[in-house]
>>> print(open('final33.txt').read())   # compact mmCIF, C-alpha atoms
# COMPACT_ATOMS: atom_id res chain seq x y z
CA MET P 1467 23.08 -51.92 0.93
CA GLY P 1468 21.02 -51.43 -2.17
CA SER P 1469 23.55 -49.57 -4.34
CA ARG P 1470 22.68 -51.54 -7.50
CA LEU P 1471 18.97 -51.34 -6.80
CA SER P 1472 19.27 -47.56 -6.54
CA ALA P 1473 20.10 -47.34 -10.25
CA ALA P 1474 17.58 -45.51 -12.44
CA ARG P 1475 16.61 -48.64 -14.39
CA VAL P 1476 16.79 -52.07 -12.74
CA LEU P 1477 15.79 -55.51 -13.99
CA VAL P 1478 15.51 -58.32 -11.44
CA THR P 1479 15.62 -61.69 -13.19
CA ASP P 1480 14.46 -65.20 -12.28
CA ALA P 1481 13.38 -64.52 -8.70
CA ALA P 1482 10.33 -65.80 -6.84
CA LEU P 1483 7.54 -63.53 -5.61
CA ALA P 1484 6.08 -63.55 -2.08
CA ASP P 1485 3.50 -60.79 -1.87
CA GLY P 1486 0.94 -62.01 0.67
CA HIS P 1487 -1.74 -62.54 -1.99
CA SER P 1488 -0.84 -66.15 -2.74
CA PRO P 1489 -0.22 -68.95 -0.22
CA THR P 1490 2.82 -70.13 -2.18
CA LEU P 1491 5.73 -68.56 -4.00
CA VAL P 1492 5.32 -67.51 -7.61
CA PRO P 1493 8.54 -68.68 -9.33
CA GLY P 1494 10.34 -67.31 -12.38
CA VAL P 1495 9.44 -63.67 -11.80
CA TRP P 1496 11.10 -60.78 -13.62
CA LEU P 1497 10.62 -57.23 -12.43
CA LEU P 1498 11.56 -54.01 -14.22
CA ALA P 1499 11.79 -50.77 -12.23
CA GLU P 1500 12.40 -47.45 -13.95
CA HIS P 1501 12.96 -44.18 -12.10
CA GLY P 1502 11.27 -45.48 -8.99
CA THR P 1503 8.22 -47.06 -10.66
CA VAL P 1504 7.39 -50.68 -11.52
CA THR P 1505 7.07 -50.72 -15.30
CA GLY P 1506 7.17 -54.46 -15.90
CA LEU P 1507 6.27 -57.56 -13.87
CA TRP P 1508 6.36 -60.93 -15.61
CA THR P 1509 5.18 -63.99 -13.69
CA GLU P 1510 4.39 -66.63 -16.30
CA GLY P 1511 7.72 -67.26 -17.99
CA ASP P 1512 7.35 -64.56 -20.61
CA HIS P 1513 9.91 -61.83 -20.09
CA PRO P 1514 11.97 -59.39 -22.17
CA ASP P 1515 15.47 -59.95 -23.46
CA PRO P 1516 17.66 -57.74 -21.24
CA ARG P 1517 19.65 -56.74 -24.33
CA SER P 1518 16.50 -55.11 -25.71
CA LEU P 1519 16.13 -52.80 -22.74
CA GLY P 1520 19.20 -50.68 -23.32
CA ASP P 1521 20.90 -49.14 -20.30
CA VAL P 1522 19.61 -51.24 -17.42
CA THR P 1523 21.22 -52.72 -14.31
CA VAL P 1524 20.51 -56.47 -14.22
CA ILE P 1525 20.19 -58.20 -10.84
CA ASP P 1526 20.32 -61.99 -10.92
CA GLY P 1527 17.50 -62.85 -8.51
CA ALA P 1528 17.85 -66.62 -8.73
CA GLY P 1529 17.55 -68.11 -5.26
CA THR P 1530 15.82 -65.07 -3.77
CA SER P 1531 12.27 -63.97 -3.11
CA ILE P 1532 10.92 -60.54 -3.98
CA VAL P 1533 8.93 -59.09 -1.08
CA PRO P 1534 6.99 -55.82 -1.43
CA GLY P 1535 8.14 -52.95 0.75
CA MET P 1536 6.82 -53.74 4.20
CA VAL P 1537 4.48 -51.67 6.36
CA ASP P 1538 4.99 -51.35 10.12
CA SER P 1539 1.47 -50.52 11.26
CA HIS P 1540 2.42 -49.82 14.87
CA ALA P 1541 5.60 -47.80 15.28
CA HIS P 1542 7.01 -44.95 17.35
CA VAL P 1543 9.67 -43.48 15.10
CA SER P 1544 11.21 -40.99 17.54
CA MET P 1545 12.02 -43.48 20.31
CA PRO P 1546 14.68 -46.22 20.47
CA GLY P 1547 12.91 -49.07 22.24
CA GLY P 1548 14.81 -51.51 24.45
CA ALA P 1549 14.15 -52.62 28.00
CA ARG P 1550 13.75 -49.05 29.29
CA TRP P 1551 11.56 -47.77 26.47
CA ILE P 1552 9.20 -45.86 28.75
CA GLU P 1553 11.94 -43.75 30.32
CA ARG P 1554 13.28 -42.81 26.89
CA GLY P 1555 10.05 -40.93 26.25
CA GLY P 1556 11.53 -38.17 28.41
CA ASP P 1557 14.58 -37.61 26.21
CA PRO P 1558 15.22 -34.08 24.89
CA LEU P 1559 14.11 -33.05 21.41
CA ASP P 1560 17.55 -33.28 19.81
CA GLU P 1561 17.93 -36.87 21.01
CA LEU P 1562 14.46 -37.89 19.86
CA LEU P 1563 15.08 -36.42 16.41
CA ALA P 1564 18.48 -38.11 16.14
CA VAL P 1565 16.98 -41.45 17.13
CA GLY P 1566 14.29 -40.92 14.50
CA GLU P 1567 16.92 -40.53 11.78
CA GLU P 1568 18.69 -43.67 12.95
CA ASN P 1569 15.41 -45.58 13.02
CA ALA P 1570 14.62 -44.48 9.47
CA GLU P 1571 17.86 -46.00 8.20
CA LEU P 1572 17.28 -49.22 10.15
CA MET P 1573 13.80 -49.55 8.67
CA LEU P 1574 14.90 -49.11 5.07
CA ARG P 1575 17.74 -51.61 5.42
CA ALA P 1576 15.19 -54.13 6.75
CA GLY P 1577 12.84 -53.55 3.81
CA ILE P 1578 10.30 -51.44 5.73
CA ARG P 1579 9.15 -48.56 3.53
CA TRP P 1580 6.00 -47.36 5.31
CA ALA P 1581 5.19 -46.81 8.97
CA ARG P 1582 2.20 -45.75 11.00
CA ASP P 1583 3.45 -43.79 13.98
CA VAL P 1584 0.90 -44.22 16.75
CA GLY P 1585 2.24 -41.89 19.41
CA SER P 1586 5.26 -39.80 20.25
CA PRO P 1587 6.30 -37.38 22.99
CA ARG P 1588 5.51 -33.68 22.64
CA ARG P 1589 8.24 -31.08 22.46
CA LEU P 1590 8.53 -27.41 21.55
CA ASP P 1591 8.78 -27.06 17.76
CA PRO P 1592 11.64 -24.59 17.20
CA GLY P 1593 10.20 -23.68 13.80
CA SER P 1594 6.74 -22.61 14.96
CA GLY P 1595 7.31 -22.05 18.65
CA ASP P 1596 4.38 -24.38 19.42
CA GLU P 1597 4.41 -27.68 21.26
CA ARG P 1598 3.57 -30.70 19.13
CA ALA P 1599 4.39 -34.39 18.68
CA VAL P 1600 7.95 -35.10 17.58
CA SER P 1601 6.64 -37.60 15.02
CA LEU P 1602 4.98 -34.74 13.15
CA LEU P 1603 8.33 -32.94 12.90
CA LEU P 1604 9.97 -36.07 11.48
CA ARG P 1605 7.10 -36.74 9.09
CA ASN P 1606 7.36 -33.22 7.69
CA ARG P 1607 11.15 -33.42 7.47
CA TRP P 1608 11.00 -36.67 5.49
CA GLN P 1609 8.29 -35.76 2.99
CA GLY P 1610 9.44 -36.33 -0.58
CA ARG P 1611 12.68 -38.07 0.44
CA GLN P 1612 13.39 -41.46 -1.11
CA ASP P 1613 15.96 -42.26 1.58
CA ARG P 1614 13.36 -42.16 4.34
CA PRO P 1615 10.21 -44.20 5.01
CA TYR P 1616 6.76 -42.79 4.38
CA ILE P 1617 5.08 -41.90 7.66
CA ARG P 1618 1.49 -41.46 8.77
CA ALA P 1619 1.59 -39.94 12.26
CA ALA P 1620 -0.98 -39.93 15.06
CA GLY P 1621 0.56 -37.13 17.08
CA THR P 1622 0.54 -37.89 20.81
CA TRP P 1623 -1.34 -40.54 22.76
CA VAL P 1624 -4.60 -39.30 24.28
CA SER P 1625 -5.13 -40.98 27.65
CA ARG P 1626 -7.07 -40.77 30.87
CA LYS P 1627 -5.12 -39.02 33.60
CA GLY P 1628 -3.03 -41.55 35.53
CA ALA P 1629 -2.92 -44.22 32.84
CA LEU P 1630 0.69 -43.48 31.77
CA PRO P 1631 3.63 -41.59 33.28
CA GLU P 1632 2.89 -37.89 33.59
CA GLY P 1633 4.20 -35.79 30.71
CA LEU P 1634 4.24 -38.59 28.15
CA THR P 1635 0.69 -38.16 26.82
CA VAL P 1636 -2.09 -35.65 26.37
CA GLU P 1637 -4.15 -36.42 29.46
CA VAL P 1638 -7.86 -35.78 29.92
CA GLU P 1639 -9.50 -35.67 33.32
CA HIS P 1640 -12.98 -36.59 32.16
CA GLY P 1641 -14.40 -38.48 29.21
CA ALA P 1642 -16.26 -35.37 28.13
CA ASP P 1643 -12.88 -33.80 27.36
CA LEU P 1644 -11.96 -36.51 24.85
CA VAL P 1645 -13.50 -34.79 21.82
CA GLY P 1646 -11.55 -31.61 22.51
CA ALA P 1647 -8.29 -33.51 22.79
CA VAL P 1648 -8.97 -35.23 19.46
CA ARG P 1649 -9.63 -31.89 17.79
CA GLN P 1650 -6.36 -30.56 19.21
CA GLN P 1651 -4.36 -33.43 17.70
CA LEU P 1652 -5.96 -32.90 14.30
CA ASP P 1653 -5.46 -29.14 14.46
CA GLU P 1654 -1.76 -29.76 15.09
CA GLY P 1655 -1.53 -31.80 11.89
CA ALA P 1656 -1.97 -35.44 12.97
CA ASP P 1657 -2.91 -37.86 10.17
CA LEU P 1658 -4.79 -40.09 12.60
CA VAL P 1659 -5.62 -40.10 16.31
CA LYS P 1660 -4.38 -42.50 18.98
CA LEU P 1661 -6.64 -43.17 21.97
CA TYR P 1662 -5.38 -45.05 25.00
CA LEU P 1663 -8.11 -47.41 26.19
CA ASP P 1664 -6.18 -48.98 29.05
CA GLY P 1665 -6.88 -47.02 32.21
CA PRO P 1666 -5.65 -46.68 35.78
CA ASP P 1667 -8.01 -49.55 36.65
CA PRO P 1668 -7.04 -52.49 34.42
CA ASP P 1669 -10.52 -54.02 34.72
CA THR P 1670 -12.40 -50.92 33.59
CA ALA P 1671 -12.05 -49.00 30.33
CA PRO P 1672 -11.14 -45.34 30.97
CA PHE P 1673 -13.85 -44.02 28.62
CA THR P 1674 -17.38 -45.10 27.81
CA VAL P 1675 -18.61 -46.31 24.45
CA SER P 1676 -20.51 -43.06 23.86
CA GLU P 1677 -17.45 -40.94 24.71
CA VAL P 1678 -15.21 -42.91 22.34
CA ARG P 1679 -17.88 -42.95 19.65
CA ALA P 1680 -18.12 -39.14 19.79
CA ALA P 1681 -14.34 -38.87 19.42
CA VAL P 1682 -14.40 -41.28 16.46
CA GLN P 1683 -17.10 -39.21 14.78
CA VAL P 1684 -15.05 -36.02 15.12
CA ALA P 1685 -12.00 -37.72 13.60
CA HIS P 1686 -13.98 -39.25 10.75
CA ASP P 1687 -15.63 -35.92 9.98
CA ARG P 1688 -12.12 -34.52 9.51
CA GLY P 1689 -11.05 -37.38 7.23
CA ALA P 1690 -8.88 -39.01 9.90
CA THR P 1691 -8.91 -42.45 11.46
CA VAL P 1692 -8.73 -43.60 15.08
CA ALA P 1693 -6.29 -46.15 16.44
CA ALA P 1694 -7.05 -47.38 19.95
CA HIS P 1695 -4.47 -48.90 22.26
CA ALA P 1696 -6.18 -51.68 24.19
CA THR P 1697 -4.66 -54.72 25.83
CA ALA P 1698 -7.37 -55.64 28.36
CA LEU P 1699 -10.74 -57.02 27.33
CA SER P 1700 -12.59 -54.02 28.77
CA GLY P 1701 -10.85 -51.50 26.49
CA ASN P 1702 -11.06 -53.75 23.45
CA ARG P 1703 -14.80 -54.18 23.93
CA VAL P 1704 -15.38 -50.42 24.24
CA GLY P 1705 -13.22 -49.67 21.19
CA ALA P 1706 -14.94 -52.30 19.06
CA GLU P 1707 -18.43 -51.17 20.06
CA ALA P 1708 -17.53 -47.50 19.50
CA GLY P 1709 -16.28 -48.21 15.98
CA VAL P 1710 -12.62 -47.25 16.15
CA ASP P 1711 -10.69 -48.07 12.99
CA SER P 1712 -8.18 -50.35 14.67
CA LEU P 1713 -7.48 -51.98 17.99
CA GLU P 1714 -3.76 -51.88 18.69
CA HIS P 1715 -2.32 -54.94 20.48
CA ALA P 1716 -5.78 -56.41 21.30
CA TYR P 1717 -4.11 -58.95 23.56
CA GLU P 1718 -7.39 -59.99 25.20
CA LEU P 1719 -10.44 -60.64 23.04
CA ASP P 1720 -13.58 -62.75 23.31
CA ASP P 1721 -16.14 -63.99 20.81
CA ASP P 1722 -18.47 -61.02 21.30
CA THR P 1723 -15.68 -58.48 20.78
CA VAL P 1724 -14.46 -60.27 17.67
CA ALA P 1725 -18.00 -60.25 16.29
CA LEU P 1726 -18.22 -56.50 16.90
CA MET P 1727 -14.87 -55.98 15.16
CA LYS P 1728 -15.94 -58.00 12.14
CA ALA P 1729 -19.30 -56.25 11.87
CA GLY P 1730 -17.80 -52.78 12.26
CA GLY P 1731 -14.72 -53.28 10.07
CA VAL P 1732 -12.39 -52.78 13.03
CA ALA P 1733 -8.90 -54.07 12.25
CA MET P 1734 -6.57 -55.78 14.70
CA VAL P 1735 -2.97 -54.56 14.74
CA ALA P 1736 -1.01 -57.44 16.21
CA THR P 1737 2.14 -56.85 18.29
CA LEU P 1738 2.83 -60.30 19.74
CA SER P 1739 6.59 -59.89 19.39
CA VAL P 1740 6.60 -57.29 22.18
CA LEU P 1741 5.71 -59.99 24.67
CA TYR P 1742 8.39 -62.28 23.27
CA SER P 1743 10.97 -59.53 23.67
CA TRP P 1744 9.97 -59.10 27.32
CA SER P 1745 10.77 -62.76 27.88
CA THR P 1746 14.30 -62.24 26.56
CA PHE P 1747 14.87 -59.44 29.08
CA ALA P 1748 14.69 -62.00 31.90
CA GLN P 1749 18.08 -63.27 30.70
CA THR P 1750 19.61 -60.03 29.42
CA THR P 1751 18.73 -57.48 32.14
CA ALA P 1752 18.54 -57.22 35.92
CA ILE P 1753 15.29 -55.25 35.80
CA PRO P 1754 12.86 -56.81 38.32
CA ARG P 1755 9.74 -56.35 36.16
CA PHE P 1756 11.27 -58.91 33.77
CA THR P 1757 13.46 -61.09 35.98
CA GLU P 1758 11.35 -61.86 39.06
CA ALA P 1759 9.55 -65.21 39.00
CA ASP P 1760 6.07 -63.69 39.30
CA ALA P 1761 6.82 -61.24 36.48
CA ARG P 1762 8.03 -64.01 34.22
CA ARG P 1763 4.87 -66.01 34.87
CA ARG P 1764 2.69 -62.99 34.13
CA ILE P 1765 4.48 -62.41 30.83
CA GLN P 1766 4.06 -66.05 29.90
CA ASP P 1767 0.36 -65.90 30.74
CA ARG P 1768 -0.08 -62.76 28.63
CA GLN P 1769 1.64 -64.46 25.72
CA GLU P 1770 -0.79 -67.37 25.85
CA ILE P 1771 -3.84 -65.10 26.07
CA ALA P 1772 -2.57 -62.88 23.24
CA ARG P 1773 -1.87 -65.83 20.94
CA ALA P 1774 -5.36 -67.16 21.58
CA SER P 1775 -6.84 -63.73 20.78
CA VAL P 1776 -5.03 -63.58 17.45
CA ARG P 1777 -6.36 -67.00 16.54
CA LEU P 1778 -9.86 -65.92 17.58
CA ALA P 1779 -9.68 -62.77 15.43
CA ASP P 1780 -8.30 -64.69 12.46
CA ALA P 1781 -11.01 -67.36 12.70
CA GLY P 1782 -13.64 -64.62 13.03
CA GLY P 1783 -12.62 -62.94 9.78
CA VAL P 1784 -11.14 -59.82 11.37
CA THR P 1785 -8.59 -57.97 9.25
CA ILE P 1786 -5.14 -58.39 10.78
CA ALA P 1787 -2.35 -55.90 10.22
CA ALA P 1788 0.86 -56.01 12.23
CA GLY P 1789 3.44 -53.80 13.82
CA SER P 1790 6.60 -54.07 15.85
CA ASP P 1791 5.68 -51.35 18.40
CA PHE P 1792 9.31 -50.28 18.18
CA GLY P 1793 10.23 -47.24 20.24
CA GLY P 1794 6.99 -47.02 22.20
CA GLY P 1795 7.57 -50.67 22.99
CA SER P 1796 10.66 -52.77 23.47
CA LEU P 1797 11.50 -53.83 19.90
CA ARG P 1798 13.84 -51.96 17.55
CA ALA P 1799 13.07 -50.30 14.24
CA ASN P 1800 14.40 -53.15 12.06
CA GLN P 1801 12.59 -56.03 13.80
CA LEU P 1802 9.21 -56.24 12.07
CA ALA P 1803 10.15 -59.72 10.84
CA TRP P 1804 9.88 -60.88 14.45
CA GLU P 1805 6.16 -60.09 14.38
CA VAL P 1806 5.65 -62.24 11.29
CA GLU P 1807 7.38 -65.10 13.09
CA ALA P 1808 5.22 -64.57 16.16
CA LEU P 1809 2.00 -64.59 14.15
CA VAL P 1810 2.91 -67.85 12.43
CA ALA P 1811 3.91 -69.39 15.76
CA ALA P 1812 0.50 -68.38 17.14
CA GLY P 1813 -1.25 -70.33 14.39
CA VAL P 1814 -1.84 -67.72 11.70
CA SER P 1815 -1.05 -68.84 8.15
CA PRO P 1816 2.22 -67.54 6.67
CA GLN P 1817 0.23 -65.86 3.90
CA THR P 1818 -1.92 -63.95 6.41
CA ALA P 1819 1.16 -63.03 8.42
CA LEU P 1820 2.98 -61.69 5.36
CA ALA P 1821 -0.13 -59.83 4.22
CA ALA P 1822 -0.29 -58.24 7.68
CA VAL P 1823 3.07 -56.50 7.11
CA THR P 1824 2.50 -55.69 3.44
CA TRP P 1825 -0.80 -54.90 1.70
CA ARG P 1826 -3.03 -55.18 4.78
CA GLY P 1827 -0.86 -52.51 6.37
CA GLY P 1828 -1.21 -50.42 3.23
CA ASP P 1829 -4.98 -50.67 3.45
CA LEU P 1830 -4.87 -49.54 7.07
CA LEU P 1831 -2.72 -46.57 6.11
CA GLY P 1832 -5.13 -45.69 3.33
CA ILE P 1833 -2.32 -45.82 0.75
CA PRO P 1834 -3.41 -48.11 -2.12
CA HIS P 1835 0.11 -48.91 -3.33
CA ALA P 1836 1.74 -49.43 0.09
CA GLY P 1837 2.87 -53.01 0.60
CA ARG P 1838 2.02 -53.96 -2.98
CA LEU P 1839 3.95 -54.56 -6.20
CA ARG P 1840 1.99 -53.73 -9.36
CA VAL P 1841 2.87 -52.10 -12.64
CA GLY P 1842 2.55 -48.36 -12.20
CA ASP P 1843 3.14 -48.43 -8.44
CA PRO P 1844 6.29 -47.25 -6.64
CA ALA P 1845 9.10 -49.77 -6.95
CA HIS P 1846 9.69 -50.53 -3.27
CA PHE P 1847 10.74 -54.11 -2.59
CA SER P 1848 13.39 -56.33 -1.05
CA LEU P 1849 15.22 -59.43 -2.16
CA VAL P 1850 15.45 -61.97 0.65
CA HIS P 1851 17.12 -65.35 0.86
CA GLY P 1852 14.47 -68.01 1.29
CA ASP P 1853 10.71 -68.42 1.14
CA PRO P 1854 8.76 -66.27 3.65
CA LEU P 1855 5.64 -68.33 2.91
CA SER P 1856 7.17 -71.49 4.35
CA ASP P 1857 9.88 -69.97 6.56
CA PRO P 1858 9.09 -66.52 8.01
CA THR P 1859 12.68 -66.15 9.22
CA ALA P 1860 13.56 -65.46 5.57
CA LEU P 1861 12.43 -61.88 6.18
CA TRP P 1862 15.49 -61.39 8.37
CA ARG P 1863 17.76 -62.38 5.47
CA VAL P 1864 17.48 -59.20 3.43
CA TRP P 1865 20.00 -59.00 0.60
CA LEU P 1866 19.01 -55.86 -1.31
CA THR P 1867 16.32 -53.23 -0.83
CA ARG P 1868 14.82 -50.53 -2.96
>>> encode(input="final33.txt", output="structure tokens")
Amino acid sequence: MGSRLSAARVLVTDAALADGHSPTLVPGVWLLAEHGTVTGLWTEGDHPDPRSLGDVTVIDGAGTSIVPGMVDSHAHVSMPGGARWIERGGDPLDELLAVGEENAELMLRAGIRWARDVGSPRRLDPGSGDERAVSLLLRNRWQGRQDRPYIRAAGTWVSRKGALPEGLTVEVEHGADLVGAVRQQLDEGADLVKLYLDGPDPDTAPFTVSEVRAAVQVAHDRGATVAAHATALSGNRVGAEAGVDSLEHAYELDDDTVALMKAGGVAMVATLSVLYSWSTFAQTTAIPRFTEADARRRIQDRQEIARASVRLADAGGVTIAAGSDFGGGSLRANQLAWEVEALVAAGVSPQTALAAVTWRGGDLLGIPHAGRLRVGDPAHFSLVHGDPLSDPTALWRVWLTR
């Protein structure tokens, strides 16, 4: 896929543009990409004569929409996902690295050019002899490669002891140890830090506001950001009050927490599609946590609460980015389009949903050109069949990617 779009000079003619900045398609768009950079973008009927451009590969875009390269704001690039995603966190280094390479190819074919890895297992780095997150090894391996997505990596989850299976995370016994764990992640080369604000007791956040705030300050002083996993209301409230940069999942919110998020500039990274995927496992697996009647009811209840929380955040003016949670969750690396569908089904506008996987994700990454198409920016985009602003399933129908 994408052989013609990989040419040095490409002109896409007579397509429509869906970029998440407008609620409707912009028709009659021509786009010129030269040596990996957007050098021309015509949206008002005025465009060059292809014969005047010399050696250029012309792509007839009629009937397609141009979508900027997408951003998966919640990914786990070294893990495969699926119904047994937690167990796969124990795979050996060679397997995790191989899965990472496969995931990279899946992402590019689906039009996903940037990813924010928010937690990966730790393994011994054969190059340095030190233990570090596998995502950091993949990020370093892929730097400067056009055939791989751009990665910002959080290193390993930092959690309270007992919150997740032993050996999967960097565990701290006491909240006072949180700052030291954050420094360790940054010293090992993490671009951002991932805190786990669900604890052994689902009704109580594992760390206090002051403990999380101190960790956030350390990260910010080092030029890094803090992503906080929180599904229960208790963890979301602590994260919002402590001023983390993003609440990941945020399945359970209330008015007060949304107000704190808005006031503090805390983004929501939506992952509704994870809960939808769990529902499918009731028919496709024999795993009791998905198939038993009580489990199915609990998943359905969580879906309803999570959809309501997204609507609450949207109505409250909270910035919404989106991720698939592939690898560290049950989705796969090429399924970010499912999250756009889920957001629209929850009541978010198609424009907001598309922005969540394009330029809003770029803002969260701190990369001004990520998820955008402007003259002078990298020429990363897809051609899809259909209009993502009226039919989000169009994002599954990728024809060509660059």
>>> residues_around(input="final33.txt", residues="Leu1519 in chain P", least_positions_apart="2", cutoff="12 Å", atoms="only C-alpha atoms", output="VMD selection string")
chain P and resid 1475 to 1477 1498 to 1500 1505 to 1506 1513 to 1517 1521 to 1524
>>> closest_residue(input="final33.txt", among="P:Gly1529, P:Val1492, P:Arg1798, P:Asp1780", to="Leu1572 in chain P", atoms="all atoms listed in the file")
P:Arg1798
>>> residues_near_point(input="final33.txt", point="(-3.8, -44.0, -7.4)", cutoff="10 Å", atoms="only C-alpha atoms", output="PyMOL selection string")
chain P and resi 1833-1835+1842-1843
>>> atom_distance(input="final33.txt", atom1="CA of Ala1812 in chain P", atom2="CA of Arg1773 in chain P")
5.2 Å
>>> atom_distance(input="final33.txt", atom1="CA of Gln1749 in chain P", atom2="CA of Val1735 in chain P")
27.8 Å
>>> residues_around(input="final33.txt", residues="Thr1746 in chain P", least_positions_apart="6", cutoff="12 Å", atoms="all atoms listed in the file", output="list in words")
Gly1548, Ala1549, Ser1739, Val1740, Ala1752, Ile1753, Phe1756, Thr1757, Arg1762, Ile1765, Gln1766, Ser1796 and Leu1797 of chain P
>>> atom_distance(input="final33.txt", atom1="CA of Ala1581 in chain P", atom2="CA of Ala1484 in chain P")
20.1 Å
>>> closest_residue(input="final33.txt", among="P:Ala1685, P:Ala1822, P:Ile1578, P:Val1584", to="Gly1646 in chain P", atoms="only C-alpha atoms")
P:Ala1685
>>> residues_near_point(input="final33.txt", point="(8.0, -70.4, 4.9)", cutoff="12 Å", atoms="only C-alpha atoms", output="list in words")
Ala1484, Gly1486, Pro1489, Thr1490, Leu1491, Ser1531, Val1806, Glu1807, Val1810, Ala1811, Ser1815, Pro1816, Gln1817, Thr1818, Ala1819, Leu1820, His1851, Gly1852, Asp1853, Pro1854, Leu1855, Ser1856, Asp1857, Pro1858, Thr1859, Ala1860 and Leu1861 of chain P
>>> write_last_selection(input="final33.txt", atoms="C-alpha atoms", output="tab-separated table (two decimals), in the frame of the given file")
chain	number	residue	atom	x	y	z
P	1484	ALA	CA	6.08	-63.55	-2.08
P	1486	GLY	CA	0.94	-62.01	0.67
P	1489	PRO	CA	-0.22	-68.95	-0.22
P	1490	THR	CA	2.82	-70.13	-2.18
P	1491	LEU	CA	5.73	-68.56	-4.00
P	1531	SER	CA	12.27	-63.97	-3.11
P	1806	VAL	CA	5.65	-62.24	11.29
P	1807	GLU	CA	7.38	-65.10	13.09
P	1810	VAL	CA	2.91	-67.85	12.43
P	1811	ALA	CA	3.91	-69.39	15.76
P	1815	SER	CA	-1.05	-68.84	8.15
P	1816	PRO	CA	2.22	-67.54	6.67
P	1817	GLN	CA	0.23	-65.86	3.90
P	1818	THR	CA	-1.92	-63.95	6.41
P	1819	ALA	CA	1.16	-63.03	8.42
P	1820	LEU	CA	2.98	-61.69	5.36
P	1851	HIS	CA	17.12	-65.35	0.86
P	1852	GLY	CA	14.47	-68.01	1.29
P	1853	ASP	CA	10.71	-68.42	1.14
P	1854	PRO	CA	8.76	-66.27	3.65
P	1855	LEU	CA	5.64	-68.33	2.91
P	1856	SER	CA	7.17	-71.49	4.35
P	1857	ASP	CA	9.88	-69.97	6.56
P	1858	PRO	CA	9.09	-66.52	8.01
P	1859	THR	CA	12.68	-66.15	9.22
P	1860	ALA	CA	13.56	-65.46	5.57
P	1861	LEU	CA	12.43	-61.88	6.18
>>> closest_residue(input="final33.txt", among="P:Gly1595, P:Gly1585, P:Gly1577, P:Gly1730", to="Tyr1662 in chain P", atoms="all atoms listed in the file")
P:Gly1585
>>> residues_around(input="final33.txt", residues="Ile1525 in chain P", least_positions_apart="4", cutoff="12 Å", atoms="all atoms listed in the file", output="PyMOL selection string")
chain P and resi 1468-1473+1475-1481+1496-1499+1516+1529-1530+1532+1849+1865-1867
>>> closest_residue(input="final33.txt", among="P:Arg1763, P:Thr1737, P:Arg1649, P:Leu1559", to="Leu1802 in chain P", atoms="all atoms listed in the file")
P:Thr1737
>>> build_atoms(input="final33.txt", residues="range 1742-1750 of chain P", atoms="N, CA, C and O atoms", output="short mmCIF file (atom, residue, chain, number, x, y, z; two decimals), keeping the file's coordinate frame")
data_model
loop_
_atom_site.label_atom_id
_atom_site.label_comp_id
_atom_site.auth_asym_id
_atom_site.auth_seq_id
_atom_site.Cartn_x
_atom_site.Cartn_y
_atom_site.Cartn_z
N TYR P 1742 7.23 -61.41 23.40
CA TYR P 1742 8.39 -62.28 23.27
C TYR P 1742 9.67 -61.55 23.67
O TYR P 1742 10.57 -62.14 24.29
N SER P 1743 9.75 -60.28 23.31
CA SER P 1743 10.97 -59.53 23.67
C SER P 1743 11.07 -59.37 25.18
O SER P 1743 12.17 -59.42 25.74
N TRP P 1744 9.93 -59.19 25.86
CA TRP P 1744 9.97 -59.10 27.32
C TRP P 1744 10.56 -60.37 27.93
O TRP P 1744 11.29 -60.30 28.92
N SER P 1745 10.23 -61.51 27.36
CA SER P 1745 10.77 -62.76 27.88
C SER P 1745 12.29 -62.79 27.78
O SER P 1745 12.98 -63.30 28.68
N THR P 1746 12.84 -62.23 26.70
CA THR P 1746 14.30 -62.24 26.56
C THR P 1746 14.97 -61.37 27.62
O THR P 1746 16.13 -61.62 27.99
N PHE P 1747 14.26 -60.34 28.10
CA PHE P 1747 14.87 -59.44 29.08
C PHE P 1747 15.12 -60.14 30.42
O PHE P 1747 15.91 -59.66 31.22
N ALA P 1748 14.44 -61.26 30.66
CA ALA P 1748 14.69 -62.00 31.90
C ALA P 1748 16.12 -62.54 31.95
O ALA P 1748 16.69 -62.72 33.03
N GLN P 1749 16.70 -62.78 30.76
CA GLN P 1749 18.08 -63.27 30.70
C GLN P 1749 19.09 -62.16 30.44
O GLN P 1749 20.29 -62.32 30.75
N THR P 1750 18.65 -61.04 29.88
CA THR P 1750 19.61 -60.03 29.42
C THR P 1750 19.61 -58.75 30.25
O THR P 1750 20.38 -57.84 29.96
#
